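Enquirer: The following file, upload01.csv, comprises CSV, C-alpha atoms:
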```csv
chain,number,residue,atom,x,y,z
A,245,MET,CA,-23.8,10.3,-14.9
A,246,SER,CA,-20.5,10.7,-12.9
A,247,GLY,CA,-18.3,7.8,-12.0
A,248,CYS,CA,-19.2,8.1,-8.3
A,249,ASN,CA,-23.0,7.8,-9.2
A,250,VAL,CA,-22.3,4.9,-11.5
A,251,ARG,CA,-20.6,3.0,-8.6
A,252,ARG,CA,-23.3,3.9,-6.1
A,253,THR,CA,-26.1,2.7,-8.5
A,254,LEU,CA,-24.3,-0.6,-9.2
A,255,PHE,CA,-23.7,-1.2,-5.5
A,256,SER,CA,-27.3,-0.6,-4.5
A,257,SER,CA,-28.9,-2.5,-7.4
A,258,ALA,CA,-26.5,-5.5,-7.0
A,259,SER,CA,-27.1,-5.9,-3.3
A,260,SER,CA,-30.9,-5.5,-3.4
A,261,SER,CA,-31.7,-8.9,-5.0
A,262,ARG,CA,-29.0,-11.3,-4.1
A,263,THR,CA,-29.2,-15.0,-3.1
A,264,TYR,CA,-26.5,-16.9,-1.3
A,265,SER,CA,-25.1,-20.4,-1.6
A,266,THR,CA,-24.7,-22.8,1.4
A,267,ASN,CA,-21.1,-21.6,2.0
A,268,GLY,CA,-22.3,-18.0,2.3
A,269,ARG,CA,-21.0,-16.8,-1.1
A,270,PRO,CA,-23.4,-14.9,-3.3
A,271,VAL,CA,-24.9,-16.6,-6.4
A,272,ARG,CA,-24.6,-14.2,-9.2
A,273,THR,CA,-26.3,-14.0,-12.6
A,274,LEU,CA,-24.3,-13.2,-15.7
A,275,GLN,CA,-25.6,-9.6,-15.6
A,276,GLN,CA,-24.6,-9.2,-11.9
A,277,THR,CA,-21.1,-10.4,-12.7
A,278,LYS,CA,-20.8,-7.9,-15.5
A,279,ASP,CA,-22.1,-5.1,-13.2
A,280,ASP,CA,-19.5,-6.1,-10.6
A,281,HIS,CA,-16.7,-6.0,-13.2
A,282,LYS,CA,-18.0,-2.6,-14.4
A,283,TYR,CA,-18.0,-1.3,-10.8
A,284,CYS,CA,-14.3,-2.3,-10.3
A,285,MET,CA,-13.2,-0.9,-13.6
A,286,GLN,CA,-14.9,2.5,-12.9
A,287,LEU,CA,-13.4,2.6,-9.4
A,288,VAL,CA,-9.9,2.0,-10.8
A,289,HIS,CA,-10.5,4.5,-13.6
A,290,ASP,CA,-11.4,7.2,-11.0
A,291,ARG,CA,-8.7,6.5,-8.4
A,292,ASP,CA,-5.8,4.9,-10.4
A,293,ARG,CA,-5.9,6.2,-14.0
A,294,GLU,CA,-2.6,4.7,-15.0
A,295,GLY,CA,-3.4,1.4,-13.4
A,296,TRP,CA,-6.6,1.5,-15.5
A,297,LEU,CA,-4.7,2.2,-18.7
A,298,CYS,CA,-2.4,-0.8,-18.0
A,299,GLY,CA,-5.3,-3.0,-17.3
A,300,LEU,CA,-6.9,-2.2,-20.7
A,301,LEU,CA,-3.8,-3.7,-22.4
A,302,LEU,CA,-4.1,-7.0,-20.6
A,303,PRO,CA,-5.9,-10.0,-22.2
A,304,SER,CA,-9.6,-9.6,-21.8
A,305,GLN,CA,-9.7,-12.9,-19.8
A,306,ALA,CA,-7.4,-11.4,-17.2
A,307,GLN,CA,-9.1,-8.1,-16.8
A,308,PRO,CA,-11.9,-9.0,-14.3
A,309,ALA,CA,-9.3,-10.4,-11.9
A,310,TYR,CA,-6.8,-7.6,-12.5
A,311,PHE,CA,-9.4,-4.9,-11.9
A,312,SER,CA,-10.7,-6.6,-8.8
A,313,VAL,CA,-7.2,-6.6,-7.3
A,314,ARG,CA,-6.6,-3.0,-8.3
A,315,ALA,CA,-10.0,-2.0,-6.9
A,316,PHE,CA,-9.1,-3.7,-3.6
A,317,ASN,CA,-5.9,-1.7,-3.5
A,318,ALA,CA,-7.7,1.5,-4.3
A,319,GLU,CA,-10.3,0.9,-1.6
A,320,LEU,CA,-7.5,0.3,1.0
A,321,ALA,CA,-5.7,3.5,-0.1
A,322,SER,CA,-8.9,5.5,0.1
A,323,ILE,CA,-9.3,4.8,3.8
A,324,LYS,CA,-6.5,7.2,4.5
A,325,GLU,CA,-6.8,9.4,1.5
A,326,LEU,CA,-10.5,10.2,1.8
A,327,SER,CA,-10.4,10.6,5.6
A,328,GLY,CA,-7.4,12.9,5.8
A,329,GLY,CA,-7.3,16.7,5.9
A,330,GLY,CA,-7.9,17.3,9.6
A,331,ARG,CA,-4.5,16.3,11.0
A,332,ASN,CA,-1.9,18.5,12.6
A,333,SER,CA,0.2,20.1,9.9
A,334,ASN,CA,3.2,20.3,12.1
A,335,VAL,CA,5.1,17.2,11.0
A,336,GLN,CA,7.9,17.7,13.4
A,337,GLN,CA,5.7,17.4,16.4
A,338,GLN,CA,4.1,14.2,15.2
A,339,GLN,CA,1.0,14.8,17.3
A,340,PRO,CA,-1.0,11.5,17.8
A,341,MET,CA,-4.3,11.2,16.0
A,342,GLU,CA,-7.6,11.5,17.9
A,343,PHE,CA,-8.8,8.1,19.0
A,344,THR,CA,-12.2,8.4,17.4
A,345,THR,CA,-10.6,9.1,14.0
A,346,SER,CA,-8.1,6.3,14.3
A,347,LEU,CA,-10.8,3.9,15.4
A,348,ALA,CA,-12.9,4.8,12.3
A,349,TRP,CA,-10.0,4.0,10.1
A,350,GLN,CA,-9.2,0.8,12.0
A,351,ILE,CA,-12.8,-0.4,11.7
A,352,ARG,CA,-12.8,0.2,7.9
A,353,MET,CA,-9.4,-1.6,7.6
A,354,GLN,CA,-10.7,-4.5,9.8
A,355,TRP,CA,-13.8,-4.8,7.5
A,356,TRP,CA,-11.5,-5.4,4.6
A,357,ARG,CA,-9.4,-7.8,6.6
A,358,ASP,CA,-12.5,-9.8,7.5
A,359,ALA,CA,-13.6,-9.7,3.9
A,360,LEU,CA,-10.3,-11.2,2.8
A,361,ALA,CA,-10.6,-13.9,5.5
A,362,ASN,CA,-14.1,-14.7,4.1
A,363,VAL,CA,-12.7,-14.9,0.6
A,364,TYR,CA,-10.1,-17.5,1.7
A,365,ALA,CA,-12.3,-19.3,4.3
A,366,ASN,CA,-12.7,-22.4,2.2
A,367,ASP,CA,-12.7,-25.0,5.0
A,368,ASP,CA,-14.2,-25.5,8.5
A,369,VAL,CA,-10.8,-25.0,10.2
A,370,ASP,CA,-10.5,-21.5,8.8
A,371,LYS,CA,-14.0,-20.7,9.9
A,372,GLN,CA,-13.4,-22.1,13.4
A,373,LEU,CA,-10.2,-20.1,13.8
A,374,GLN,CA,-12.1,-17.0,12.6
A,375,ARG,CA,-14.9,-17.5,15.2
A,376,LYS,CA,-12.3,-18.1,17.9
A,377,HIS,CA,-10.5,-14.9,17.0
A,378,HIS,CA,-13.6,-12.8,17.1
A,379,TYR,CA,-15.6,-11.6,20.1
A,380,GLN,CA,-12.6,-11.3,22.4
A,381,THR,CA,-13.5,-7.8,23.3
A,382,LYS,CA,-16.4,-5.4,22.7
A,383,GLN,CA,-14.2,-3.6,20.0
A,384,GLU,CA,-13.6,-6.9,18.2
A,385,GLU,CA,-17.3,-7.7,18.4
A,386,VAL,CA,-17.9,-4.5,16.5
A,387,PHE,CA,-15.2,-5.4,14.0
A,388,SER,CA,-16.7,-8.9,13.5
A,389,SER,CA,-20.3,-7.7,13.0
A,390,SER,CA,-19.1,-5.3,10.3
A,391,SER,CA,-17.9,-8.2,8.2
A,392,ILE,CA,-21.4,-9.6,7.7
A,393,SER,CA,-22.0,-7.3,4.9
A,394,CYS,CA,-18.8,-8.0,3.0
A,395,TRP,CA,-20.6,-9.9,0.2
A,396,GLN,CA,-22.6,-6.8,-0.6
A,397,SER,CA,-19.4,-5.2,-2.0
A,398,PRO,CA,-18.8,-5.8,-5.7
A,399,VAL,CA,-15.0,-5.6,-5.1
A,400,VAL,CA,-15.2,-8.4,-2.5
A,401,ARG,CA,-17.3,-10.6,-4.9
A,402,GLN,CA,-15.0,-10.0,-7.8
A,403,LEU,CA,-11.9,-10.6,-5.6
A,404,ASP,CA,-13.5,-13.9,-4.4
A,405,VAL,CA,-13.8,-15.1,-8.0
A,406,ALA,CA,-10.3,-14.0,-8.8
A,407,ALA,CA,-8.7,-15.6,-5.8
A,408,ASN,CA,-10.3,-19.0,-6.6
A,409,THR,CA,-10.0,-19.0,-10.4
A,410,CYS,CA,-6.5,-17.5,-10.6
A,411,GLN,CA,-5.2,-19.1,-7.4
A,412,LEU,CA,-4.0,-15.8,-6.0
A,413,THR,CA,-1.5,-16.1,-3.2
A,414,ARG,CA,-3.1,-14.9,0.0
A,415,ARG,CA,0.2,-13.6,1.3
A,416,TRP,CA,0.4,-10.9,-1.4
A,417,LEU,CA,-3.0,-9.5,-0.5
A,418,GLU,CA,-2.3,-9.6,3.2
A,419,LYS,CA,1.1,-7.8,2.7
A,420,LEU,CA,-0.8,-5.2,0.8
A,421,LEU,CA,-3.4,-4.8,3.5
A,422,ASP,CA,-0.8,-4.9,6.4
A,423,ALA,CA,1.3,-2.1,4.7
A,424,ARG,CA,-1.8,0.1,4.2
A,425,GLN,CA,-2.8,-0.4,7.8
A,426,HIS,CA,0.6,0.4,9.2
A,427,ASP,CA,0.6,3.6,7.0
A,428,LEU,CA,-2.6,4.9,8.7
A,429,ASP,CA,-0.8,6.5,11.6
A,430,ARG,CA,2.3,7.5,9.7
A,431,MET,CA,2.8,11.2,8.7
A,432,GLN,CA,6.3,10.7,7.4
A,433,PHE,CA,8.8,7.9,6.7
A,434,VAL,CA,11.5,7.9,9.2
A,435,SER,CA,14.2,6.5,6.9
A,436,MET,CA,14.8,5.6,3.3
A,437,GLU,CA,14.7,1.9,4.4
A,438,GLU,CA,11.2,2.4,5.7
A,439,ALA,CA,10.1,3.9,2.4
A,440,LEU,CA,11.6,1.1,0.5
A,441,GLU,CA,9.9,-1.5,2.6
A,442,TYR,CA,6.5,0.2,2.1
A,443,ALA,CA,7.0,0.4,-1.7
A,444,ASP,CA,7.9,-3.3,-1.7
A,445,ASP,CA,5.0,-4.4,0.4
A,446,VAL,CA,2.4,-2.5,-1.7
A,447,PHE,CA,3.6,-2.2,-5.2
A,448,THR,CA,5.6,-5.4,-5.6
A,449,SER,CA,2.6,-7.3,-4.2
A,450,ASN,CA,0.4,-5.8,-6.9
A,451,LEU,CA,2.9,-6.9,-9.6
A,452,PHE,CA,3.1,-10.5,-8.3
A,453,LEU,CA,-0.7,-10.7,-8.2
A,454,THR,CA,-0.9,-9.5,-11.8
A,455,MET,CA,1.7,-12.1,-12.8
A,456,GLU,CA,-0.3,-14.8,-11.1
A,457,ILE,CA,-3.4,-13.7,-13.0
A,458,LEU,CA,-1.5,-13.8,-16.3
A,459,GLN,CA,-0.1,-17.3,-15.4
A,460,SER,CA,-3.6,-18.6,-14.7
A,461,LEU,CA,-4.5,-18.0,-18.4
A,462,ASN,CA,-2.0,-20.7,-19.3
A,463,SER,CA,-3.3,-23.7,-17.5
A,464,THR,CA,-1.7,-26.1,-20.0
A,465,GLY,CA,1.7,-25.3,-18.5
A,466,SER,CA,3.0,-23.6,-21.6
A,467,VAL,CA,4.4,-20.8,-19.4
A,468,SER,CA,7.5,-21.9,-17.5
A,469,ILE,CA,9.7,-19.7,-15.3
A,470,VAL,CA,13.3,-21.0,-15.5
A,471,ASP,CA,14.9,-18.8,-12.8
A,472,GLU,CA,12.4,-18.0,-10.1
A,473,ASN,CA,14.9,-16.1,-8.1
A,474,ALA,CA,15.6,-13.8,-11.0
A,475,VAL,CA,11.9,-13.2,-11.6
A,476,ASP,CA,11.4,-12.5,-7.9
A,477,ARG,CA,14.2,-9.9,-8.0
A,478,CYS,CA,12.9,-8.4,-11.3
A,479,LEU,CA,9.4,-7.8,-9.9
A,480,THR,CA,10.8,-6.6,-6.6
A,481,CYS,CA,13.0,-4.0,-8.3
A,482,ALA,CA,10.1,-2.9,-10.5
A,483,GLY,CA,7.7,-2.7,-7.6
A,484,VAL,CA,10.1,-0.7,-5.5
A,485,GLY,CA,10.7,1.7,-8.3
A,486,VAL,CA,7.0,2.2,-9.0
A,487,GLY,CA,6.4,2.7,-5.3
A,488,LEU,CA,9.1,5.4,-5.0
A,489,ALA,CA,7.9,7.2,-8.1
A,490,THR,CA,4.4,7.1,-6.8
A,491,MET,CA,5.5,8.5,-3.4
A,492,LEU,CA,7.2,11.5,-5.2
A,493,ARG,CA,4.2,12.1,-7.3
A,494,ALA,CA,1.9,12.1,-4.3
A,495,THR,CA,4.0,14.4,-2.2
A,496,PRO,CA,2.6,17.8,-3.3
A,497,VAL,CA,-1.0,16.6,-2.6
A,498,ARG,CA,-0.1,14.9,0.7
A,499,LEU,CA,1.6,18.1,1.8
A,500,ALA,CA,-1.1,20.5,0.7
A,501,VAL,CA,-4.2,18.5,1.6
A,502,HIS,CA,-3.1,16.2,4.5
A,503,GLY,CA,-0.3,18.1,6.0
A,504,GLU,CA,2.0,15.1,5.6
A,505,CYS,CA,5.5,14.8,4.2
A,506,PRO,CA,6.2,11.4,2.6
A,507,LEU,CA,9.9,12.4,2.0
A,508,PRO,CA,11.9,10.4,4.6
A,509,ARG,CA,12.9,12.4,7.6
A,510,ALA,CA,16.5,11.2,7.3
A,511,LEU,CA,16.9,13.0,4.0
A,512,LEU,CA,16.0,16.4,5.5
A,513,PRO,CA,18.1,18.2,8.1
A,514,LEU,CA,17.0,18.5,11.7
A,515,GLY,CA,14.9,21.5,12.3
A,516,PHE,CA,13.7,21.7,8.7
A,517,PRO,CA,10.7,24.1,8.4
A,518,TYR,CA,8.0,21.7,7.4
A,519,ASP,CA,5.2,24.2,8.0
A,520,ASP,CA,6.8,26.4,5.3
A,521,LEU,CA,7.0,23.5,3.0
A,522,ILE,CA,3.4,22.6,3.6
A,523,GLN,CA,2.3,26.2,2.9
A,524,HIS,CA,4.5,26.3,-0.2
A,525,ALA,CA,2.8,23.1,-1.5
A,526,ARG,CA,-0.6,24.6,-0.8
A,527,ASN,CA,0.2,27.7,-2.7
A,528,CYS,CA,1.5,25.8,-5.7
A,529,THR,CA,-1.3,23.2,-5.9
A,530,SER,CA,-4.0,25.7,-5.4
A,531,GLY,CA,-2.7,28.1,-8.1
A,532,GLU,CA,-2.2,31.0,-5.6
A,533,SER,CA,1.4,31.4,-6.8
A,534,SER,CA,2.0,32.3,-10.4
A,535,GLU,CA,5.2,32.2,-12.5
A,536,ASN,CA,5.5,36.0,-12.2
A,537,ASP,CA,5.6,36.1,-8.4
A,538,ASN,CA,7.5,32.9,-7.7
A,539,ASP,CA,10.7,34.9,-6.9
A,540,SER,CA,8.9,37.0,-4.3
A,541,ASP,CA,6.1,35.3,-2.5
A,542,ASP,CA,7.5,31.7,-2.6
A,543,GLU,CA,10.9,33.0,-1.3
A,544,ASP,CA,9.1,34.3,1.8
A,545,ILE,CA,7.4,30.9,2.3
A,546,LEU,CA,10.3,28.6,1.6
A,547,SER,CA,13.8,29.9,1.2
A,548,GLU,CA,15.9,29.0,-1.8
A,549,ALA,CA,18.3,27.1,0.4
A,550,ASN,CA,15.4,24.9,1.7
A,551,VAL,CA,14.1,24.5,-1.8
A,552,ALA,CA,17.5,23.2,-2.8
A,553,ILE,CA,17.4,20.8,0.2
A,554,VAL,CA,14.0,19.4,-0.9
A,555,ASN,CA,15.1,19.0,-4.5
A,556,GLU,CA,18.2,17.1,-3.4
A,557,ALA,CA,16.1,14.7,-1.4
A,558,VAL,CA,13.8,14.2,-4.4
A,559,ARG,CA,16.8,13.6,-6.6
A,560,PHE,CA,18.1,11.0,-4.2
A,561,ILE,CA,14.8,9.1,-4.2
A,562,ALA,CA,14.3,9.5,-8.0
A,563,ASN,CA,17.8,8.0,-8.6
A,564,GLU,CA,17.0,5.1,-6.3
A,565,ALA,CA,13.9,4.4,-8.3
A,566,ILE,CA,15.8,4.7,-11.6
A,567,LEU,CA,18.4,2.3,-10.3
A,568,ASN,CA,15.7,-0.3,-9.5
A,569,PHE,CA,14.1,0.1,-12.9
A,570,GLN,CA,17.5,-0.5,-14.5
A,571,GLN,CA,17.9,-3.7,-12.6
A,572,ALA,CA,14.4,-4.8,-13.5
A,573,ARG,CA,15.1,-4.2,-17.2
A,574,ALA,CA,18.3,-6.3,-16.9
A,575,LEU,CA,16.3,-9.2,-15.4
A,576,GLN,CA,13.1,-9.0,-17.5
A,577,GLY,CA,14.4,-11.6,-19.9
A,578,ASN,CA,13.8,-14.2,-17.3
A,579,LEU,CA,10.1,-13.6,-17.6
A,580,PRO,CA,8.2,-15.3,-20.4
A,581,LYS,CA,7.1,-12.7,-22.9
A,582,ASN,CA,3.3,-13.1,-22.2
A,583,LEU,CA,4.0,-12.5,-18.5
A,584,ARG,CA,6.0,-9.3,-19.0
A,585,MET,CA,2.7,-7.3,-19.2
A,586,CYS,CA,2.7,-7.3,-15.4
A,587,LEU,CA,5.6,-4.8,-15.7
A,588,LEU,CA,3.5,-2.2,-17.6
A,589,PRO,CA,3.2,0.1,-14.5
A,590,VAL,CA,6.9,0.7,-14.8
A,591,VAL,CA,6.2,2.8,-18.0
A,592,PRO,CA,4.1,5.6,-16.5
A,593,SER,CA,6.5,5.8,-13.5
A,594,THR,CA,9.5,6.1,-15.9
A,595,VAL,CA,7.8,8.9,-17.8
A,596,TYR,CA,7.1,10.8,-14.6
A,597,LEU,CA,10.7,10.5,-13.5
A,598,GLU,CA,11.9,11.8,-16.8
A,599,ARG,CA,9.7,14.9,-16.4
A,600,LEU,CA,10.9,15.3,-12.8
A,601,GLN,CA,14.6,15.2,-14.0
A,602,ALA,CA,13.9,17.7,-16.7
A,603,ALA,CA,12.5,20.1,-14.1
A,604,ASN,CA,15.6,19.8,-11.9
A,605,TYR,CA,13.7,17.6,-9.4
A,606,SER,CA,11.2,20.3,-8.5
A,607,LEU,CA,8.1,18.5,-7.4
A,608,PHE,CA,6.0,21.6,-7.7
A,609,ASP,CA,6.9,22.5,-11.3
A,610,ALA,CA,3.8,22.8,-13.4
A,611,LYS,CA,5.1,20.5,-16.0
A,612,VAL,CA,5.6,17.8,-13.4
A,613,VAL,CA,2.3,18.3,-11.5
A,614,HIS,CA,0.2,18.5,-14.7
A,615,ASP,CA,1.1,15.8,-17.1
A,616,PRO,CA,1.3,17.1,-20.7
A,617,THR,CA,2.5,13.8,-22.1
A,618,ARG,CA,-0.6,11.6,-22.0
A,619,LEU,CA,-0.2,10.7,-25.7
A,620,ARG,CA,3.4,9.8,-25.3
A,621,LEU,CA,2.6,7.7,-22.3
A,622,LEU,CA,0.0,5.8,-24.4
A,623,LEU,CA,2.5,5.2,-27.2
A,624,LEU,CA,5.1,3.9,-24.8
A,625,LEU,CA,2.6,1.6,-23.1
A,626,ALA,CA,1.5,0.3,-26.6
A,627,ARG,CA,5.2,-0.3,-27.6
A,628,THR,CA,5.8,-2.2,-24.3
A,629,TRP,CA,2.7,-4.2,-24.8
A,630,MET,CA,3.6,-5.2,-28.4
A,631,THR,CA,7.3,-5.9,-27.8
A,632,GLY,CA,7.3,-7.2,-24.2
A,633,VAL,CA,10.3,-4.9,-23.6
A,634,LEU,CA,10.4,-2.0,-21.1
```
Would you kindly transcribe this structure into structure tokens?

Expert:
Amino acid sequence: MSGCNVRRTLFSSASSSRTYSTNGRPVRTLQQTKDDHKYCMQLVHDRDREGWLCGLLLPSQAQPAYFSVRAFNAELASIKELSGGGRNSNVQQQQPMEFTTSLAWQIRMQWWRDALANVYANDDVDKQLQRKHHYQTKQEEVFSSSSISCWQSPVVRQLDVAANTCQLTRRWLEKLLDARQHDLDRMQFVSMEEALEYADDVFTSNLFLTMEILQSLNSTGSVSIVDENAVDRCLTCAGVGVGLATMLRATPVRLAVHGECPLPRALLPLGFPYDDLIQHARNCTSGESSENDNDSDDEDILSEANVAIVNEAVRFIANEAILNFQQARALQGNLPKNLRMCLLPVVPSTVYLERLQAANYSLFDAKVVHDPTRLRLLLLLARTWMTGVL
């Protein structure tokens, strides 16, 4: 049975026989809780393989909460990822999206926003504010009615437990959601600063949530952070680095499938032939180009001069990521050893950047696109897990 079928089966079976407490939250049996955890793990396995590998190295008590947060992140990312493909490929023109498509995305995002509000609606004041906010317009009425089914989602149910047992800070989840929502209408970052802000909002938030989950395992207070500012800076640098590396890794697919260019516009010259870059990406990712005809066909699609321009932009972004990782390593000593596991996502990103550097920063090089170093990645993750040192 495929991963998709497993998730569909768990979703339908879990929601068919569910009872609810007086506060609206579902009352789950032990088996239903296990099914929800399995659902989240499978979802992360399918959409965030390296996040899944990192989660397997966390203490077993932390895994349900970790995978619920990662599944939440994957669900938000999929709103744009799974709905793309029909947008104008001319990045320069920046044509606005059709309203119907945009509305569909916004409804899905609002559903998750309402679900998050329900997770944190622990008192009557929150519920009254929520009711006051809803039903302002017909569109908001549609948004509000869609939140009724939130407790049927295994991800929401698991996130609800994680938020309450691990005391997850709502602000990190909201920053994650806001960043994903703002990214819906964006086909390209305008500046490097905008890309850094997005990386910080999404990936740093995930690291802080993971750290809070690990902290919750030490309720006796044995874990103490001496320099909170240094820890904040460490996780911020690590998150920004992971975000930039993830942006580079996703660029070939986003170009080929969605007609979008994540590389900041400020790093590419005015009048750059984005259509040629998109076609070049499609040829490379679909296997239409071979090593034998790269010098002929690809040159007609994207000139050597423009390839050099793209590679230089990639080099600039990669170096920024590496610089952030170096700063994170210098500050990691401020984190207690049993909390440093939250930095595990740095390892796969570092491995990717090393491959990219070896390929002269060519995003479309086969050795960069197709990872041949899975065993090495596992060994590096294991070393980091055992030593607590990146």

Enquirer: Which residues, protein or nucleic acid, reach to within 9 Å of (2.9, -11.4, -8.4) in the file's coordinates when using only C-alpha atoms, and can you give that as a list of chain:residue names?

Expert: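 Counting only C-alpha atoms, I find these residues within 9 Å of (2.9, -11.4, -8.4): A:Leu412, A:Thr413, A:Trp416, A:Thr448, A:Ser449, A:Asn450, A:Leu451, A:Phe452, A:Leu453, A:Thr454, A:Met455, A:Glu456, A:Ile457, A:Asp476, A:Leu479, A:Cys586.
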
Enquirer: CA of Cys298 in chain A and CA of Ser606 in chain A, how far apart in Å?

Expert: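 For CA of Ser606 in chain A relative to CA of Cys298 in chain A, the distance reads 26.8 Å.
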
Enquirer: Got a sec to check which residues sit within 9 Å of (-20.7, -7.4, -8.2), counting only C-alpha atoms, and write them as a ChimeraX atom specification?

Expert: /A:254-255,258-259,272,276-284,395-402

Enquirer: If I take CA of Glu548 in chain A and CA of Val595 in chain A, how far is one from the other in Å, to one decimal?

Expert: 26.9 Å

Enquirer: Residues within 9 Å of Ala562 in chain A, please, as a PDB file with C-alpha atoms, in the coordinates of the input. Count only C-alpha atoms; anything in the same chain fewer than 4 positions from it doesn't count.

Expert:
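Contents of part.pdb, freshly written:
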```pdb
ATOM      1  CA  GLY A 485      10.700   1.700  -8.300  1.00  0.00           C
ATOM      2  CA  LEU A 488       9.100   5.400  -5.000  1.00  0.00           C
ATOM      3  CA  ALA A 489       7.900   7.200  -8.100  1.00  0.00           C
ATOM      4  CA  LEU A 492       7.200  11.500  -5.200  1.00  0.00           C
ATOM      5  CA  ALA A 557      16.100  14.700  -1.400  1.00  0.00           C
ATOM      6  CA  VAL A 558      13.800  14.200  -4.400  1.00  0.00           C
ATOM      7  CA  ILE A 566      15.800   4.700 -11.600  1.00  0.00           C
ATOM      8  CA  LEU A 567      18.400   2.300 -10.300  1.00  0.00           C
ATOM      9  CA  LEU A 597      10.700  10.500 -13.500  1.00  0.00           C
ATOM     10  CA  LEU A 600      10.900  15.300 -12.800  1.00  0.00           C
ATOM     11  CA  GLN A 601      14.600  15.200 -14.000  1.00  0.00           C
ATOM     12  CA  TYR A 605      13.700  17.600  -9.400  1.00  0.00           C
TER      13      TYR A 605
END
```

Enquirer: Rank A:Glu598, A:Glu294, A:Asp445, A:Glu504 by their smallest atom-to-atom distance to Gly487 in chain A, using all atoms listed in the file, and report the top residue only.

Expert: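 When distances to Gly487 in chain A are compared using all atoms listed in the file, the smallest one comes from A:Asp445.
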
Enquirer: Nearest to Ala574 in chain A: which of A:Phe560, A:Val475, A:Pro506, A:Asn555 is it, counting only C-alpha atoms?

Expert: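 Ranking A:Phe560, A:Val475, A:Pro506, A:Asn555 by distance to Ala574 in chain A, first place goes to A:Val475.
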
Enquirer: Using all atoms listed in the file, pick whichever of A:Arg559, A:Ala306, A:Asp519, A:Gly295 has the shortest atom-to-atom distance to Pro589 in chain A.

Expert: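 With all atoms listed in the file as the atom set, the closest residue is A:Gly295.
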
Enquirer: Take CA of Gln425 in chain A and CA of Glu438 in chain A and report the distance between them in Å, one decimal.

Expert: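 Pair CA of Gln425 in chain A / CA of Glu438 in chain A returns 14.4 Å.
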
Enquirer: Of the candidates A:Arg477, A:Asn578, A:Leu458, A:Glu472, which shows the shortest atom-to-atom distance to Ser304 in chain A, using all atoms listed in the file?

Expert: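 With all atoms listed in the file as the atom set, the closest residue is A:Leu458.
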
Enquirer: Could you pull the residues within 8 Å of Val591 in chain A, counting only C-alpha atoms, minus those fewer than 4 positions along the same chain, as a PyMOL selection string?

Expert: chain A and resi 587+595+621+624-625+634
